[in-house]
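Here is the file protein-v1.pdb (PDB, C-alpha atoms, pLDDT in the B column).
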```pdb
ATOM      1  CA  MET A   1     -27.441  82.025 -47.179  1.00 92.00           C
ATOM      2  CA  LYS A   2     -29.877  84.923 -46.693  1.00 96.00           C
ATOM      3  CA  LYS A   3     -28.546  87.725 -44.539  1.00 96.00           C
ATOM      4  CA  VAL A   4     -30.725  89.655 -42.092  1.00 97.00           C
ATOM      5  CA  LEU A   5     -29.997  92.730 -39.973  1.00 97.00           C
ATOM      6  CA  SER A   6     -32.143  93.296 -36.887  1.00 98.00           C
ATOM      7  CA  ILE A   7     -32.140  96.731 -35.227  1.00 98.00           C
ATOM      8  CA  ASP A   8     -33.830  97.040 -31.830  1.00 97.00           C
ATOM      9  CA  ASP A   9     -32.933  98.910 -28.674  1.00 97.00           C
ATOM     10  CA  GLU A  10     -34.002  95.915 -26.552  1.00 96.00           C
ATOM     11  CA  PRO A  11     -31.096  93.413 -26.339  1.00 97.00           C
ATOM     12  CA  MET A  12     -33.420  90.636 -25.157  1.00 95.00           C
ATOM     13  CA  ILE A  13     -35.527  90.960 -28.292  1.00 95.00           C
ATOM     14  CA  LEU A  14     -32.411  90.864 -30.431  1.00 97.00           C
ATOM     15  CA  GLU A  15     -31.198  87.741 -28.674  1.00 97.00           C
ATOM     16  CA  CYS A  16     -34.517  85.961 -29.267  1.00 96.00           C
ATOM     17  CA  ILE A  17     -34.481  86.972 -32.931  1.00 97.00           C
ATOM     18  CA  ARG A  18     -30.837  85.984 -33.332  1.00 97.00           C
ATOM     19  CA  GLU A  19     -31.454  82.530 -31.884  1.00 97.00           C
ATOM     20  CA  ALA A  20     -34.610  81.884 -33.898  1.00 97.00           C
ATOM     21  CA  LEU A  21     -33.188  83.046 -37.224  1.00 98.00           C
ATOM     22  CA  SER A  22     -29.864  81.264 -36.705  1.00 98.00           C
ATOM     23  CA  GLN A  23     -31.661  78.017 -35.958  1.00 97.00           C
ATOM     24  CA  ALA A  24     -33.770  78.517 -39.068  1.00 97.00           C
ATOM     25  CA  GLY A  25     -30.591  78.862 -41.128  1.00 97.00           C
ATOM     26  CA  TYR A  26     -30.441  82.597 -41.802  1.00 97.00           C
ATOM     27  CA  GLU A  27     -27.297  84.646 -41.290  1.00 96.00           C
ATOM     28  CA  ILE A  28     -28.301  87.214 -38.687  1.00 97.00           C
ATOM     29  CA  GLN A  29     -26.584  90.381 -37.521  1.00 97.00           C
ATOM     30  CA  THR A  30     -27.975  92.601 -34.768  1.00 97.00           C
ATOM     31  CA  THR A  31     -27.427  96.037 -33.321  1.00 97.00           C
ATOM     32  CA  THR A  32     -29.074  98.203 -30.670  1.00 98.00           C
ATOM     33  CA  ASP A  33     -27.758 101.343 -32.382  1.00 98.00           C
ATOM     34  CA  PRO A  34     -30.069 102.534 -35.185  1.00 98.00           C
ATOM     35  CA  ARG A  35     -27.450 104.837 -36.697  1.00 97.00           C
ATOM     36  CA  ALA A  36     -24.899 102.031 -36.891  1.00 97.00           C
ATOM     37  CA  GLY A  37     -27.575  99.778 -38.393  1.00 97.00           C
ATOM     38  CA  LEU A  38     -28.417 102.379 -41.009  1.00 97.00           C
ATOM     39  CA  GLU A  39     -24.785 102.614 -42.031  1.00 96.00           C
ATOM     40  CA  ARG A  40     -24.607  98.841 -42.426  1.00 96.00           C
ATOM     41  CA  LEU A  41     -27.753  98.811 -44.553  1.00 96.00           C
ATOM     42  CA  LYS A  42     -26.430 101.602 -46.749  1.00 94.00           C
ATOM     43  CA  SER A  43     -23.024  99.996 -47.139  1.00 90.00           C
ATOM     44  CA  ASP A  44     -22.155  97.276 -49.599  1.00 70.00           C
ATOM     45  CA  GLU A  45     -23.025  94.411 -47.293  1.00 73.00           C
ATOM     46  CA  ALA A  46     -25.539  92.173 -49.018  1.00 90.00           C
ATOM     47  CA  PHE A  47     -28.467  92.215 -46.617  1.00 96.00           C
ATOM     48  CA  ASP A  48     -31.646  90.556 -47.831  1.00 96.00           C
ATOM     49  CA  LEU A  49     -33.881  91.892 -45.065  1.00 97.00           C
ATOM     50  CA  ALA A  50     -34.016  94.506 -42.301  1.00 98.00           C
ATOM     51  CA  LEU A  51     -35.973  93.907 -39.089  1.00 98.00           C
ATOM     52  CA  LEU A  52     -36.675  97.311 -37.581  1.00 98.00           C
ATOM     53  CA  ASP A  53     -37.995  98.369 -34.209  1.00 97.00           C
ATOM     54  CA  VAL A  54     -39.975 101.600 -34.534  1.00 97.00           C
ATOM     55  CA  LYS A  55     -39.365 103.477 -31.296  1.00 96.00           C
ATOM     56  CA  MET A  56     -35.661 103.718 -30.526  1.00 97.00           C
ATOM     57  CA  PRO A  57     -33.625 106.433 -28.849  1.00 96.00           C
ATOM     58  CA  GLY A  58     -31.788 108.748 -31.216  1.00 93.00           C
ATOM     59  CA  MET A  59     -33.359 107.569 -34.447  1.00 97.00           C
ATOM     60  CA  SER A  60     -36.696 105.904 -35.145  1.00 97.00           C
ATOM     61  CA  GLY A  61     -37.160 102.807 -37.251  1.00 97.00           C
ATOM     62  CA  PHE A  62     -39.125 104.948 -39.692  1.00 97.00           C
ATOM     63  CA  GLU A  63     -36.128 107.252 -40.136  1.00 97.00           C
ATOM     64  CA  VAL A  64     -33.779 104.296 -40.633  1.00 98.00           C
ATOM     65  CA  TYR A  65     -36.161 102.777 -43.179  1.00 97.00           C
ATOM     66  CA  ARG A  66     -36.684 105.918 -45.215  1.00 96.00           C
ATOM     67  CA  ALA A  67     -32.966 106.691 -45.212  1.00 96.00           C
ATOM     68  CA  TYR A  68     -31.702 103.315 -46.400  1.00 96.00           C
ATOM     69  CA  ARG A  69     -34.524 102.839 -48.900  1.00 95.00           C
ATOM     70  CA  LYS A  70     -33.261 105.941 -50.708  1.00 94.00           C
ATOM     71  CA  VAL A  71     -30.057 103.991 -51.328  1.00 93.00           C
ATOM     72  CA  ARG A  72     -31.124 100.328 -51.455  1.00 93.00           C
ATOM     73  CA  LYS A  73     -34.594  98.763 -51.634  1.00 94.00           C
ATOM     74  CA  ILE A  74     -33.943  96.029 -49.088  1.00 96.00           C
ATOM     75  CA  PRO A  75     -37.200  94.417 -47.865  1.00 97.00           C
ATOM     76  CA  ALA A  76     -38.142  95.275 -44.292  1.00 98.00           C
ATOM     77  CA  ILE A  77     -40.300  94.058 -41.450  1.00 98.00           C
ATOM     78  CA  PHE A  78     -41.178  96.516 -38.720  1.00 98.00           C
ATOM     79  CA  VAL A  79     -41.230  94.781 -35.329  1.00 96.00           C
ATOM     80  CA  THR A  80     -43.016  97.028 -32.882  1.00 95.00           C
ATOM     81  CA  ALA A  81     -44.979  97.006 -29.645  1.00 94.00           C
ATOM     82  CA  TYR A  82     -46.968 100.018 -30.818  1.00 92.00           C
ATOM     83  CA  PRO A  83     -49.598  99.214 -33.456  1.00 90.00           C
ATOM     84  CA  GLY A  84     -50.639 102.864 -33.216  1.00 92.00           C
ATOM     85  CA  SER A  85     -47.301 103.807 -34.783  1.00 94.00           C
ATOM     86  CA  PHE A  86     -48.848 103.082 -38.155  1.00 95.00           C
ATOM     87  CA  ASN A  87     -51.508 105.765 -38.147  1.00 94.00           C
ATOM     88  CA  ALA A  88     -52.927 107.155 -41.358  1.00 95.00           C
ATOM     89  CA  SER A  89     -53.323 110.564 -39.743  1.00 94.00           C
ATOM     90  CA  SER A  90     -49.516 110.874 -39.622  1.00 95.00           C
ATOM     91  CA  ASP A  91     -47.964 112.580 -42.638  1.00 95.00           C
ATOM     92  CA  GLU A  92     -44.809 110.499 -42.155  1.00 95.00           C
ATOM     93  CA  VAL A  93     -46.782 107.232 -42.214  1.00 96.00           C
ATOM     94  CA  VAL A  94     -48.837 108.303 -45.234  1.00 96.00           C
ATOM     95  CA  ALA A  95     -45.690 109.199 -47.167  1.00 95.00           C
ATOM     96  CA  MET A  96     -43.953 105.969 -46.197  1.00 96.00           C
ATOM     97  CA  TRP A  97     -47.031 103.867 -46.924  1.00 96.00           C
ATOM     98  CA  SER A  98     -47.657 105.310 -50.376  1.00 94.00           C
ATOM     99  CA  GLU A  99     -44.030 105.661 -51.469  1.00 93.00           C
ATOM    100  CA  GLU A 100     -42.374 102.575 -49.980  1.00 95.00           C
ATOM    101  CA  PHE A 101     -44.911 100.063 -48.643  1.00 97.00           C
ATOM    102  CA  ALA A 102     -46.703 100.213 -51.991  1.00 96.00           C
ATOM    103  CA  ASP A 103     -44.149  97.941 -53.668  1.00 96.00           C
ATOM    104  CA  GLY A 104     -45.089  95.052 -51.379  1.00 97.00           C
ATOM    105  CA  THR A 105     -41.624  94.525 -49.890  1.00 97.00           C
ATOM    106  CA  THR A 106     -42.435  95.716 -46.374  1.00 98.00           C
ATOM    107  CA  ASP A 107     -44.366  93.978 -43.609  1.00 98.00           C
ATOM    108  CA  ILE A 108     -45.231  94.515 -39.942  1.00 98.00           C
ATOM    109  CA  VAL A 109     -45.090  92.280 -36.850  1.00 97.00           C
ATOM    110  CA  TYR A 110     -46.503  93.419 -33.525  1.00 96.00           C
ATOM    111  CA  LYS A 111     -44.861  92.601 -30.196  1.00 92.00           C
ATOM    112  CA  PRO A 112     -45.321  90.403 -28.327  1.00 91.00           C
ATOM    113  CA  PHE A 113     -44.934  88.056 -31.253  1.00 90.00           C
ATOM    114  CA  ASP A 114     -44.668  84.367 -31.828  1.00 91.00           C
ATOM    115  CA  LEU A 115     -41.250  83.511 -33.299  1.00 94.00           C
ATOM    116  CA  ASP A 116     -42.890  81.079 -35.710  1.00 94.00           C
ATOM    117  CA  ALA A 117     -45.125  83.902 -36.945  1.00 94.00           C
ATOM    118  CA  LEU A 118     -42.076  86.116 -37.454  1.00 96.00           C
ATOM    119  CA  LEU A 119     -40.271  83.340 -39.356  1.00 97.00           C
ATOM    120  CA  ALA A 120     -43.367  82.789 -41.506  1.00 96.00           C
ATOM    121  CA  LYS A 121     -43.442  86.474 -42.400  1.00 97.00           C
ATOM    122  CA  ILE A 122     -39.726  86.420 -43.222  1.00 98.00           C
ATOM    123  CA  GLU A 123     -40.146  83.375 -45.435  1.00 97.00           C
ATOM    124  CA  ALA A 124     -43.135  84.935 -47.183  1.00 97.00           C
ATOM    125  CA  LEU A 125     -41.101  88.067 -47.847  1.00 97.00           C
ATOM    126  CA  ILE A 126     -37.646  86.787 -48.868  1.00 96.00           C
ATOM    127  CA  GLY A 127     -38.000  83.011 -48.986  1.00 95.00           C
ATOM    128  CA  GLY A 128     -36.130  80.374 -47.014  1.00 94.00           C
ATOM    129  CA  PRO A 129     -32.553  80.801 -45.828  1.00 94.00           C
ATOM    130  CA  GLU A 130     -30.882  79.206 -48.809  1.00 89.00           C
ATOM    131  CA  GLY A 131     -32.528  81.057 -51.680  1.00 69.00           C
ATOM    132  CA  PRO A 132     -35.825  81.510 -53.481  1.00 53.00           C
ATOM    133  CA  GLU A 133     -34.930  80.225 -56.929  1.00 48.00           C
ATOM    134  CA  ASP A 134     -35.406  76.505 -56.441  1.00 44.00           C
ATOM    135  CA  ASP A 135     -38.573  74.816 -57.474  1.00 43.00           C
ATOM    136  CA  ALA A 136     -41.015  74.382 -54.622  1.00 39.00           C
TER     137      ALA A 136
ATOM    138  CA  MET B 137     -44.465  77.093 -60.229  1.00 62.00           C
ATOM    139  CA  THR B 138     -41.333  78.156 -58.293  1.00 74.00           C
ATOM    140  CA  VAL B 139     -40.731  79.612 -54.876  1.00 69.00           C
ATOM    141  CA  ARG B 140     -39.794  82.844 -56.674  1.00 71.00           C
ATOM    142  CA  ASN B 141     -43.264  82.915 -58.238  1.00 93.00           C
ATOM    143  CA  ASP B 142     -44.842  82.468 -54.823  1.00 95.00           C
ATOM    144  CA  LEU B 143     -42.732  85.289 -53.368  1.00 96.00           C
ATOM    145  CA  ASP B 144     -43.872  87.492 -56.247  1.00 96.00           C
ATOM    146  CA  ILE B 145     -47.474  86.563 -55.483  1.00 97.00           C
ATOM    147  CA  ASN B 146     -46.991  87.370 -51.794  1.00 98.00           C
ATOM    148  CA  ARG B 147     -45.583  90.733 -52.824  1.00 97.00           C
ATOM    149  CA  SER B 148     -48.516  91.404 -55.129  1.00 97.00           C
ATOM    150  CA  ILE B 149     -51.007  90.460 -52.414  1.00 98.00           C
ATOM    151  CA  ARG B 150     -49.289  92.861 -50.000  1.00 98.00           C
ATOM    152  CA  ARG B 151     -49.440  95.574 -52.677  1.00 98.00           C
ATOM    153  CA  VAL B 152     -53.216  95.163 -52.859  1.00 98.00           C
ATOM    154  CA  MET B 153     -53.490  95.260 -49.070  1.00 98.00           C
ATOM    155  CA  VAL B 154     -51.350  98.389 -48.847  1.00 98.00           C
ATOM    156  CA  LYS B 155     -53.518 100.045 -51.492  1.00 97.00           C
ATOM    157  CA  HIS B 156     -56.530  99.385 -49.249  1.00 96.00           C
ATOM    158  CA  TRP B 157     -54.694 100.507 -46.096  1.00 97.00           C
ATOM    159  CA  ILE B 158     -54.870  97.060 -44.502  1.00 97.00           C
ATOM    160  CA  ASP B 159     -52.957  96.770 -41.221  1.00 97.00           C
ATOM    161  CA  LEU B 160     -50.222  94.328 -42.260  1.00 97.00           C
ATOM    162  CA  GLY B 161     -49.386  93.570 -38.635  1.00 97.00           C
ATOM    163  CA  ARG B 162     -52.769  91.888 -38.147  1.00 96.00           C
ATOM    164  CA  VAL B 163     -52.636  89.599 -41.146  1.00 97.00           C
ATOM    165  CA  SER B 164     -50.293  87.073 -42.718  1.00 97.00           C
ATOM    166  CA  VAL B 165     -49.985  85.960 -46.323  1.00 97.00           C
ATOM    167  CA  ARG B 166     -48.444  82.770 -47.605  1.00 96.00           C
ATOM    168  CA  SER B 167     -48.500  81.344 -51.114  1.00 96.00           C
ATOM    169  CA  THR B 168     -47.685  77.808 -52.140  1.00 95.00           C
ATOM    170  CA  GLN B 169     -47.683  76.971 -55.822  1.00 95.00           C
ATOM    171  CA  GLY B 170     -50.107  79.788 -56.532  1.00 95.00           C
ATOM    172  CA  ARG B 171     -52.459  78.939 -53.690  1.00 96.00           C
ATOM    173  CA  VAL B 172     -52.727  81.891 -51.333  1.00 97.00           C
ATOM    174  CA  LEU B 173     -53.568  81.574 -47.645  1.00 97.00           C
ATOM    175  CA  ILE B 174     -54.536  84.764 -45.802  1.00 97.00           C
ATOM    176  CA  ARG B 175     -54.827  84.522 -42.020  1.00 96.00           C
ATOM    177  CA  GLY B 176     -55.514  86.959 -39.200  1.00 95.00           C
ATOM    178  CA  ALA B 177     -57.678  90.050 -39.085  1.00 95.00           C
ATOM    179  CA  LEU B 178     -58.543  92.188 -42.060  1.00 96.00           C
ATOM    180  CA  GLN B 179     -58.764  95.753 -40.806  1.00 95.00           C
ATOM    181  CA  ARG B 180     -57.432  99.123 -41.796  1.00 96.00           C
ATOM    182  CA  VAL B 181     -54.605 100.918 -40.033  1.00 95.00           C
ATOM    183  CA  PRO B 182     -55.736 103.385 -37.368  1.00 94.00           C
ATOM    184  CA  GLY B 183     -56.574 106.853 -38.632  1.00 94.00           C
ATOM    185  CA  THR B 184     -57.888 105.685 -41.993  1.00 93.00           C
ATOM    186  CA  PRO B 185     -60.928 107.848 -42.860  1.00 90.00           C
ATOM    187  CA  SER B 186     -63.296 104.917 -43.470  1.00 92.00           C
ATOM    188  CA  GLU B 187     -63.618 101.352 -42.224  1.00 92.00           C
ATOM    189  CA  LEU B 188     -63.642  98.293 -44.437  1.00 94.00           C
ATOM    190  CA  THR B 189     -67.023  97.431 -45.880  1.00 95.00           C
ATOM    191  CA  THR B 190     -68.395  94.334 -47.578  1.00 95.00           C
ATOM    192  CA  PRO B 191     -68.032  95.842 -51.084  1.00 95.00           C
ATOM    193  CA  LEU B 192     -64.446  96.858 -50.308  1.00 96.00           C
ATOM    194  CA  VAL B 193     -63.506  93.396 -49.024  1.00 96.00           C
ATOM    195  CA  GLU B 194     -65.131  91.774 -52.037  1.00 95.00           C
ATOM    196  CA  ALA B 195     -63.337  94.149 -54.389  1.00 96.00           C
ATOM    197  CA  MET B 196     -60.047  93.455 -52.659  1.00 96.00           C
ATOM    198  CA  MET B 197     -60.527  89.674 -52.838  1.00 95.00           C
ATOM    199  CA  ALA B 198     -61.487  89.932 -56.520  1.00 95.00           C
ATOM    200  CA  GLU B 199     -58.395  92.029 -57.203  1.00 97.00           C
ATOM    201  CA  MET B 200     -56.197  89.456 -55.484  1.00 97.00           C
ATOM    202  CA  LYS B 201     -57.793  86.622 -57.399  1.00 95.00           C
ATOM    203  CA  ARG B 202     -56.960  88.352 -60.704  1.00 96.00           C
ATOM    204  CA  LEU B 203     -53.251  88.618 -59.885  1.00 96.00           C
ATOM    205  CA  PRO B 204     -50.910  86.688 -62.216  1.00 95.00           C
ATOM    206  CA  GLY B 205     -50.105  83.216 -60.919  1.00 95.00           C
ATOM    207  CA  VAL B 206     -52.879  83.107 -58.323  1.00 96.00           C
ATOM    208  CA  LYS B 207     -54.803  79.853 -58.594  1.00 95.00           C
ATOM    209  CA  ARG B 208     -56.829  80.035 -55.426  1.00 95.00           C
ATOM    210  CA  ILE B 209     -57.293  82.291 -52.424  1.00 95.00           C
ATOM    211  CA  GLN B 210     -58.219  80.899 -49.054  1.00 95.00           C
ATOM    212  CA  ALA B 211     -59.010  83.445 -46.361  1.00 95.00           C
ATOM    213  CA  HIS B 212     -59.078  82.301 -42.752  1.00 94.00           C
ATOM    214  CA  LEU B 213     -60.040  85.518 -41.014  1.00 95.00           C
ATOM    215  CA  ASP B 214     -60.762  86.391 -37.408  1.00 94.00           C
ATOM    216  CA  ASN B 215     -63.104  89.253 -38.156  1.00 95.00           C
ATOM    217  CA  TRP B 216     -64.741  88.563 -41.523  1.00 95.00           C
ATOM    218  CA  ILE B 217     -66.843  85.588 -42.499  1.00 93.00           C
ATOM    219  CA  GLN B 218     -68.393  84.586 -45.773  1.00 89.00           C
ATOM    220  CA  ASP B 219     -72.124  84.232 -45.399  1.00 87.00           C
ATOM    221  CA  GLY B 220     -74.323  83.289 -48.328  1.00 87.00           C
ATOM    222  CA  GLY B 221     -71.568  84.166 -50.760  1.00 85.00           C
ATOM    223  CA  ARG B 222     -70.971  87.621 -49.275  1.00 92.00           C
ATOM    224  CA  TRP B 223     -68.327  88.782 -46.853  1.00 93.00           C
ATOM    225  CA  ARG B 224     -69.553  90.346 -43.640  1.00 93.00           C
ATOM    226  CA  LEU B 225     -67.865  91.683 -40.546  1.00 92.00           C
ATOM    227  CA  HIS B 226     -67.847  89.206 -37.690  1.00 85.00           C
ATOM    228  CA  GLU B 227     -68.825  91.650 -34.942  1.00 68.00           C
ATOM    229  CA  ARG B 228     -67.896  89.529 -31.935  1.00 56.00           C
ATOM    230  CA  ALA B 229     -64.444  88.771 -33.277  1.00 52.00           C
ATOM    231  CA  ALA B 230     -63.909  92.370 -34.339  1.00 49.00           C
ATOM    232  CA  SER B 231     -64.748  93.674 -30.887  1.00 46.00           C
ATOM    233  CA  THR B 232     -62.043  91.546 -29.296  1.00 45.00           C
ATOM    234  CA  LEU B 233     -59.271  92.227 -31.788  1.00 46.00           C
ATOM    235  CA  ASP B 234     -57.442  94.595 -29.466  1.00 46.00           C
ATOM    236  CA  ASN B 235     -56.768  91.598 -27.244  1.00 42.00           C
ATOM    237  CA  VAL B 236     -55.430  89.410 -30.021  1.00 43.00           C
ATOM    238  CA  ASP B 237     -51.667  88.922 -29.794  1.00 41.00           C
ATOM    239  CA  SER B 238     -51.147  86.326 -32.470  1.00 40.00           C
ATOM    240  CA  LEU B 239     -52.457  85.772 -35.927  1.00 43.00           C
ATOM    241  CA  GLY B 240     -55.380  83.782 -37.150  1.00 41.00           C
ATOM    242  CA  GLU B 241     -56.631  81.452 -34.450  1.00 41.00           C
ATOM    243  CA  GLY B 242     -60.328  81.948 -35.066  1.00 40.00           C
ATOM    244  CA  GLY B 243     -62.807  82.158 -37.916  1.00 44.00           C
ATOM    245  CA  GLY B 244     -63.076  79.623 -40.689  1.00 44.00           C
ATOM    246  CA  SER B 245     -61.572  78.842 -44.044  1.00 50.00           C
ATOM    247  CA  PHE B 246     -63.213  80.199 -47.150  1.00 50.00           C
ATOM    248  CA  SER B 247     -62.258  79.787 -50.722  1.00 56.00           C
ATOM    249  CA  VAL B 248     -63.112  82.690 -52.981  1.00 52.00           C
ATOM    250  CA  ASP B 249     -62.707  80.909 -56.273  1.00 51.00           C
TER     251      ASP B 249
END
```

Give the structure from the file, written as structure tokens.
Amino acid sequence: MKKVLSIDDEPMILECIREALSQAGYEIQTTTDPRAGLERLKSDEAFDLALLDVKMPGMSGFEVYRAYRKVRKIPAIFVTAYPGSFNASSDEVVAMWSEEFADGTTDIVYKPFDLDALLAKIEALIGGPEGPEDDA
Amino acid sequence: MTVRNDLDINRSIRRVMVKHWIDLGRVSVRSTQGRVLIRGALQRVPGTPSELTTPLVEAMMAEMKRLPGVKRIQAHLDNWIQDGGRWRLHERAASTLDNVDSLGEGGGSFSVD
């Protein structure tokens, strides 16, 4: 079963994501603490995907992403209410875009989002909950 | 054709989009047995020095079509339409994109092969 970690400082968002992904068959863990989430992603737990809010107190989703991707190239989807966060005039975004997004394992979903659209993006990125190796 | 192949195609399509600074939050990609469906709005992330143009969109579509395993690309876009064989910006749709919350409800379906 594919394992997903969702990090967002809004508990309601996490609850919606937890319910939707559980129903779809994914194993889902959540946390409102970006530092704790980063430690989980860097540890040996076999996560297949990280769902990352961008603006969080203490540590941004960008910081979490860049930190864990130095250790493990787990695919990611940024889930944010701020489309302007991804601005090509930002040195941080340019670096992230050219160094990490360029391998095609990162995607973006803007809030408010349709849960079906989020699930479609997850499936397009890591496949269905049970594994990608079976014949379609 | 396996699901793994389709995931690899999705990844390759995203790579092309990232290379062209396409805002991934406005567009979705899904491949089934080598047939690629692109939905939503094709636009660059804010702050990119230049906007998408017809030659750029055509080059991007051609690049996607050449990717290994891709049999067909169907683009159902809110803000670009294919007119007389050429892609052009759909001005009315583009002007309302800021109000679009979800992906790909407008436009039409166009095969580029």

Expansion of the PyMOL selection byres ((chain B) within 10 of (chain A)) into residues, as a PyMOL selection string: chain B and resi 137-155+157+159-169+180-185+234+237-239

Residue nearest Val172 of chain B - candidates B:Ile209, B:Leu225, B:Ala198, B:Ile217, atoms counted: only C-alpha atoms: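 For Val172 of chain B, the nearest of the candidates is B:Ile209.
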
Distance of atom CA of Lys73 of chain A from atom CA of Val93 of chain A, expressed in Å to one decimal place: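 Going from atom CA of Val93 of chain A over to atom CA of Lys73 of chain A covers 17.6 Å.
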
Need the axis-aligned box for segment 11-26 of chain A with 3 Å each side, so what are the centre and edges in Å to one decimal, as lines of an AutoDock Vina configuration file?
```
center_x = -32.7
center_y = 85.7
center_z = -33.5
size_x = 11.7
size_y = 21.4
size_z = 22.6
```

Residues selected by the PyMOL selection byres ((chain A and resi 53-58) around 7), written as a PyMOL selection string: chain A and resi 7-9+51-52+59-62+78-80

Neighbours of point (-58.4, 79.0, -56.3) within 12 Å, using all atoms listed in the file, written as an NGL selection string: :B and (167-173 or 197-198 or 200-203 or 205-211 or 246-249)
